[in-house]
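**Q** Contents of input.csv (CSV, C-alpha atoms and all ligand atoms):
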chain,number,residue,atom,x,y,z
T,4,MET,CA,12.6,-111.4,1.7
T,5,THR,CA,12.3,-107.6,1.9
T,6,ALA,CA,11.8,-105.5,-1.2
T,7,SER,CA,15.4,-104.1,-0.9
T,8,MET,CA,16.9,-107.5,-1.2
T,9,SER,CA,15.8,-107.8,-4.8
T,10,LEU,CA,17.5,-104.5,-5.8
T,11,ASN,CA,20.9,-104.5,-7.4
T,12,HIS,CA,20.9,-100.8,-8.3
T,13,VAL,CA,19.8,-97.7,-6.3
T,14,GLU,CA,19.8,-94.2,-7.7
T,15,ALA,CA,20.1,-91.1,-5.5
T,16,VAL,CA,20.6,-87.4,-5.9
T,17,GLY,CA,22.7,-85.6,-3.3
T,18,LEU,CA,23.3,-82.0,-2.5
T,19,GLN,CA,27.0,-81.6,-1.6
T,20,SER,CA,29.1,-78.5,-1.1
T,21,ARG,CA,32.8,-79.2,-1.1
T,22,MET,CA,35.4,-78.2,-3.7
T,23,PHE,CA,33.0,-76.9,-6.3
T,24,GLY,CA,30.5,-75.0,-4.3
T,25,THR,CA,27.0,-76.3,-4.0
T,26,SER,CA,26.0,-78.6,-6.7
T,27,ILE,CA,23.7,-81.5,-7.4
T,28,ARG,CA,25.4,-84.8,-8.1
T,29,ARG,CA,23.5,-87.8,-9.2
T,30,TYR,CA,25.1,-91.1,-8.2
T,31,ASN,CA,24.3,-94.8,-8.1
T,32,TRP,CA,24.8,-97.5,-5.6
T,33,VAL,CA,25.6,-100.8,-7.4
T,34,GLU,CA,25.9,-104.1,-5.6
T,35,ASP,CA,29.3,-105.7,-5.8
T,36,LYS,CA,28.7,-109.4,-5.5
T,37,SER,CA,32.4,-110.3,-5.6
T,38,GLU,CA,32.7,-108.7,-2.1
T,39,ALA,CA,29.7,-110.2,-0.4
T,40,ASN,CA,29.7,-111.2,3.3
T,41,ARG,CA,32.1,-108.5,4.4
T,42,LEU,CA,31.9,-106.3,7.3
T,43,TYR,CA,33.2,-102.8,7.9
T,44,ASN,CA,35.1,-103.1,11.1
T,45,SER,CA,34.0,-100.0,12.8
T,46,SER,CA,32.3,-98.6,15.9
T,47,LEU,CA,30.3,-96.4,13.6
T,48,THR,CA,28.0,-99.2,12.6
T,49,THR,CA,24.4,-98.1,12.7
T,50,THR,CA,21.2,-100.1,12.5
T,51,LEU,CA,18.9,-98.8,9.8
T,52,ALA,CA,15.6,-100.1,8.5
T,53,SER,CA,16.6,-100.7,4.9
T,54,LEU,CA,19.3,-100.6,2.2
T,55,ILE,CA,17.7,-97.4,0.9
T,56,THR,CA,18.1,-95.6,4.3
T,57,CYS,CA,21.6,-97.0,4.6
T,58,THR,CA,22.8,-95.7,1.3
T,59,ALA,CA,21.0,-92.4,1.9
T,60,ALA,CA,22.9,-92.0,5.2
T,61,CYS,CA,26.2,-92.9,3.6
T,62,SER,CA,25.6,-90.5,0.7
T,63,ASN,CA,26.1,-87.6,3.1
T,64,ALA,CA,29.9,-88.3,3.3
T,65,ILE,CA,31.7,-87.4,0.1
T,66,ASP,CA,34.6,-89.7,0.9
T,67,CYS,CA,32.2,-92.6,1.3
T,68,THR,CA,32.9,-95.0,-1.6
T,69,ALA,CA,30.9,-98.0,-0.5
T,70,ALA,CA,28.4,-99.3,2.0
T,71,THR,CA,27.7,-102.6,3.5
T,72,TYR,CA,24.2,-103.6,4.5
T,73,ASN,CA,23.0,-106.7,6.3
T,74,ASN,CA,19.3,-107.6,5.7
T,75,SER,CA,19.1,-109.8,8.8
T,76,THR,CA,20.8,-107.6,11.4
T,77,LYS,CA,20.0,-104.3,9.6
T,78,GLU,CA,23.5,-103.2,10.2
T,79,CYS,CA,24.7,-100.4,7.9
T,80,ASN,CA,28.4,-99.3,7.4
T,81,CYS,CA,29.7,-96.4,5.4
T,82,ILE,CA,33.1,-97.1,3.9
T,83,ASN,CA,35.9,-94.9,2.8
T,84,ASN,CA,39.3,-95.7,1.2
T,85,THR,CA,41.0,-96.2,4.6
T,86,THR,CA,38.6,-98.9,5.7
T,87,SER,CA,39.6,-102.6,6.2
T,88,PHE,CA,37.2,-105.4,6.0
T,89,THR,CA,36.5,-108.6,8.0
T,90,SER,CA,34.1,-111.3,7.0
T,91,GLN,CA,30.6,-111.4,8.2
T,92,LEU,CA,27.9,-113.7,6.8
T,93,GLY,CA,25.0,-111.9,5.3
T,94,ASN,CA,26.6,-108.5,4.5
T,95,MET,CA,26.2,-107.1,1.0
T,96,LEU,CA,28.6,-104.6,-0.4
T,97,TRP,CA,27.3,-101.6,-2.4
T,98,ARG,CA,29.7,-99.4,-4.3
T,99,ARG,CA,28.9,-95.8,-4.9
T,100,LYS,CA,29.4,-94.4,-8.4
T,101,PHE,CA,29.0,-90.9,-9.6
T,102,ASP,CA,27.4,-91.2,-13.0
T,103,GLY,CA,30.1,-93.5,-14.3
T,104,PHE,CA,33.0,-91.9,-12.5
T,105,ILE,CA,35.7,-94.3,-11.5
T,106,PHE,CA,37.1,-93.8,-8.0
T,107,ASP,CA,40.9,-94.0,-7.4
T,108,ALA,CA,41.8,-94.1,-3.8
T,109,GLN,CA,45.5,-93.4,-4.3
T,110,LEU,CA,44.9,-90.2,-6.1
T,111,GLY,CA,41.8,-89.3,-4.1
T,112,TRP,CA,39.5,-88.5,-7.0
T,113,TYR,CA,36.7,-89.7,-9.1
T,114,ILE,CA,37.5,-89.5,-12.8
T,115,ARG,CA,35.5,-90.0,-16.0
T,116,LEU,CA,36.8,-90.0,-19.5
T,117,PHE,CA,34.2,-88.9,-22.1
T,118,VAL,CA,35.0,-90.6,-25.4
T,119,ASN,CA,33.3,-90.6,-28.8
T,120,THR,CA,32.1,-87.1,-28.1
T,121,SER,CA,32.8,-83.8,-29.8
T,122,HIS,CA,32.7,-80.8,-27.6
T,123,THR,CA,34.4,-77.4,-27.5
T,124,HIS,CA,36.4,-76.6,-24.4
T,125,ALA,CA,33.6,-74.5,-22.9
T,126,GLU,CA,31.0,-77.2,-23.7
T,127,ALA,CA,33.2,-79.9,-22.1
T,128,GLU,CA,33.6,-77.7,-18.9
T,129,SER,CA,29.8,-77.4,-18.9
T,130,VAL,CA,29.2,-81.1,-19.2
T,131,CYS,CA,31.6,-81.7,-16.3
T,132,GLY,CA,29.8,-79.1,-14.3
T,133,ASN,CA,26.5,-80.9,-14.9
T,134,HIS,CA,28.0,-83.9,-13.1
T,135,GLY,CA,29.2,-81.8,-10.2
T,136,ALA,CA,32.7,-82.1,-11.6
T,137,ARG,CA,35.2,-80.0,-13.6
T,138,LEU,CA,37.7,-80.7,-16.4
T,139,ALA,CA,40.5,-82.7,-14.9
T,140,VAL,CA,43.5,-81.0,-13.4
T,141,LEU,CA,46.4,-83.2,-14.3
T,142,ASP,CA,49.0,-81.3,-12.3
T,143,THR,CA,51.2,-84.3,-11.6
T,144,SER,CA,52.7,-86.9,-13.8
T,145,ASP,CA,50.8,-89.6,-11.8
T,146,LYS,CA,47.5,-88.0,-12.7
T,147,LEU,CA,48.4,-87.7,-16.4
T,148,SER,CA,49.6,-91.4,-16.4
T,149,TYR,CA,46.4,-92.5,-14.7
T,150,VAL,CA,44.2,-90.9,-17.4
T,151,THR,CA,46.4,-92.2,-20.3
T,152,GLY,CA,46.3,-95.6,-18.7
T,153,LEU,CA,42.5,-95.9,-18.7
T,154,PRO,CA,41.2,-98.6,-21.1
T,155,ASP,CA,39.2,-96.1,-23.2
T,156,TYR,CA,42.0,-93.6,-23.6
T,157,ARG,CA,43.0,-93.1,-27.2
T,158,PRO,CA,46.5,-91.5,-27.8
T,159,ASP,CA,45.6,-90.4,-31.3
T,160,ILE,CA,42.5,-88.4,-30.2
T,161,PHE,CA,42.6,-85.0,-28.5
T,162,CYS,CA,41.2,-85.0,-24.9
T,163,TYR,CA,40.5,-81.6,-23.2
T,164,VAL,CA,41.7,-81.0,-19.7
T,165,GLY,CA,41.2,-78.1,-17.3
T,166,ALA,CA,44.0,-75.7,-18.3
T,167,MET,CA,44.1,-72.5,-20.4
T,168,ASP,CA,46.2,-69.4,-21.1
T,169,GLU,CA,43.3,-67.0,-21.1
T,170,GLN,CA,45.0,-64.7,-18.5
T,171,SER,CA,48.2,-64.2,-20.4
T,172,ASP,CA,49.0,-65.7,-23.8
T,173,GLY,CA,51.5,-68.4,-23.5
T,174,LEU,CA,51.3,-68.8,-19.8
T,175,PHE,CA,49.2,-71.9,-19.2
T,176,THR,CA,47.7,-72.6,-15.8
T,177,TRP,CA,45.4,-75.3,-14.5
T,178,SER,CA,42.0,-74.1,-13.2
T,179,THR,CA,43.5,-74.4,-9.7
T,180,GLY,CA,46.1,-71.8,-10.7
T,181,THR,CA,49.2,-73.9,-10.9
T,182,SER,CA,51.5,-74.0,-14.0
T,183,VAL,CA,51.1,-76.6,-16.6
T,184,THR,CA,53.9,-79.1,-17.1
T,185,ASN,CA,54.3,-82.4,-19.0
T,186,TRP,CA,54.1,-80.8,-22.4
T,187,MET,CA,54.8,-82.7,-25.5
T,188,LEU,CA,58.1,-81.8,-27.2
T,189,ASP,CA,57.8,-78.4,-28.9
T,190,GLU,CA,54.5,-77.6,-27.2
T,191,PRO,CA,52.9,-75.2,-26.4
T,192,ASN,CA,53.5,-73.8,-29.8
T,193,GLY,CA,50.4,-71.6,-30.5
T,194,LEU,CA,50.4,-73.2,-34.0
T,195,HIS,CA,47.0,-71.7,-34.9
T,196,LEU,CA,47.8,-68.4,-33.2
T,197,ASP,CA,44.8,-68.8,-30.9
T,198,GLU,CA,45.7,-72.0,-29.1
T,199,ASP,CA,44.5,-71.1,-25.7
T,200,CYS,CA,43.3,-74.5,-24.4
T,201,VAL,CA,45.0,-77.7,-23.4
T,202,ALA,CA,44.4,-81.3,-24.3
T,203,ILE,CA,46.1,-84.7,-23.9
T,204,PHE,CA,47.5,-86.0,-27.2
T,205,ASN,CA,49.7,-89.1,-27.5
T,206,ASN,CA,50.2,-89.2,-23.7
T,207,TYR,CA,51.4,-85.6,-23.3
T,208,LEU,CA,49.9,-82.2,-23.2
T,209,ILE,CA,49.5,-79.8,-26.2
T,210,ASP,CA,47.9,-76.4,-26.7
T,211,LEU,CA,45.1,-76.1,-29.3
T,212,PRO,CA,42.2,-73.8,-30.2
T,213,CYS,CA,39.4,-73.9,-27.6
T,214,SER,CA,36.8,-74.0,-30.5
T,215,HIS,CA,37.8,-77.5,-31.7
T,216,SER,CA,35.5,-80.4,-30.8
T,217,ASN,CA,37.2,-83.1,-28.9
T,218,ASN,CA,37.0,-85.8,-26.1
T,219,PHE,CA,37.5,-84.7,-22.6
T,220,VAL,CA,38.1,-85.9,-19.0
T,221,CYS,CA,36.3,-84.7,-15.9
T,222,GLU,CA,37.2,-85.1,-12.2
T,223,ILE,CA,35.6,-84.9,-8.8
T,224,GLU,CA,38.3,-84.4,-6.2
T,225,TYR,CA,37.3,-85.0,-2.6
T,226,LYS,CA,40.6,-84.5,-0.6
C,301,CA,CA,47.6,-69.1,-26.5
C,302,CA,CA,49.9,-76.6,-30.1
Take the structure I supplied and represent it as structure tokens, if you would.
**A**
Amino acid sequence: MTASMSLNHVEAVGLQSRMFGTSIRRYNWVEDKSEANRLYNSSLTTTLASLITCTAACSNAIDCTAATYNNSTKECNCINNTTSFTSQLGNMLWRRKFDGFIFDAQLGWYIRLFVNTSHTHAEAESVCGNHGARLAVLDTSDKLSYVTGLPDYRPDIFCYVGAMDEQSDGLFTWSTGTSVTNWMLDEPNGLHLDEDCVAIFNNYLIDLPCSHSNNFVCEIEYK
């Protein structure tokens, strides 16, 4: 038995430069035993000396969400969301996770909901940035529904997202520049006069003061 066979968790730090400029992202490779003995059906199979070198190689592709490694044949496969699997005895599947971010193939993003926290909008943006991420841009109903459907989402607690009206009061845009939709009825209302940030509340969006301390949601988009 090689040393790598006893591991069920590998940490790595990668330097990547898509979408958010150059940033350091820490991520983990976690063994998924429910998907053992599967093979990535690809001509891109490479033979690498160890699980560590396999996951390191796969870490270079941001759309790589998992890797298979076979300790006997030393075959390594990097897997993205378009990959299909066929069985092969001895393969182990390792899923890549960015510091607790969940990957959703359909929406093409990694998302992480920060709950039981209390951060201002600027602090929340900074925490996301520390993970190589940004406050989530929920510019479609599907994305908003995805977040409010997460097990940890609480409809009664404010959750900051990546939108403000700092350019022009009352004109709310996402950090990508598109206009904000999916407002709650009668929002945005500038109730406290300086409501320049946006949060999810009761499954819809509201404006509120950026200085309030709330939960928040970060995203890493790779498309
Ligand atoms: Ca405002
Ligand atoms: Ca409001």
**Q** Nearest residue to ligand CA 302 (chain C) out of T:Ile160, T:Leu138, T:Leu208, T:Cys81, using only C-alpha atoms and all ligand atoms?
**A**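 Counting only C-alpha atoms and all ligand atoms, the residue closest to ligand CA 302 (chain C) is T:Leu208.
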**Q** Kindly provide, as a PyMOL selection string, all nucleotide and amino acid residues lying within 10 Å of ligand CA 302 (chain C), counting all atoms listed in the file.
**A** chain T and resi 186-187+189-202+208-212
**Q** Between T:Val33, T:Ala136, T:Leu51, T:Cys131, single out the one closest to Arg99 in chain T, counting only C-alpha atoms.
**A**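 Smallest separation from Arg99 in chain T among the options: T:Val33.
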**Q** Closest to Val220 in chain T among T:Cys57, T:Leu174, T:Ala69, T:Leu147, using all atoms listed in the file?
**A** T:Leu147
**Q** Provide the CA of Lys100 in chain T to CA of Tyr207 in chain T distance in Å, to one decimal place.
**A**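 We find that CA of Lys100 in chain T and CA of Tyr207 in chain T lie 28.0 Å from each other.
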**Q** When you draw a straight line from CA of Phe117 in chain T to CA of Glu34 in chain T, how long is it in Å?
**A**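 Spanning CA of Phe117 in chain T to CA of Glu34 in chain T is a straight-line distance of 23.9 Å.
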**Q** Starting from the point (47.9, -76.3, -9.2), work out which residues of protein, DNA or RNA have an atom no more than 12 Å away when counting all atoms listed in the file; state them as a PyMOL selection string.
**A** chain T and resi 139-143+165-166+175-184
**Q** For Cys221 in chain T, which of T:Asp159, T:Asp145, T:Asp102, T:Glu169 is the closest residue, counting all atoms listed in the file?
**A** T:Asp102
**Q** Can you tell me how far CA of Ala70 in chain T sits from CA of Asn94 in chain T, in Å to one decimal?
**A**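 Between CA of Ala70 in chain T and CA of Asn94 in chain T the gap works out to 9.7 Å.
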**Q** Might you pull out every residue within 9 Å of Lys36 in chain T, with all atoms listed in the file counted and same-chain residues fewer than 5 positions away left off, and present them as a PyMOL selection string?
**A** chain T and resi 95-97
**Q** Go through T:Cys162, T:Leu92, T:Met167, T:Cys79 one by one, measure the shortest atom-to-atom distance of each to Val150 in chain T using only C-alpha atoms, and give the residue with the smallest value.
**A**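 The closest residue to Val150 in chain T is T:Cys162.
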**Q** Measuring between only C-alpha atoms and all ligand atoms, which one of T:Ser171, T:Thr56, T:Thr123, T:Ser214 shows the shortest distance to ligand CA 301 (chain C)?
**A**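 Distance minimum relative to ligand CA 301 (chain C) lands on T:Ser171.
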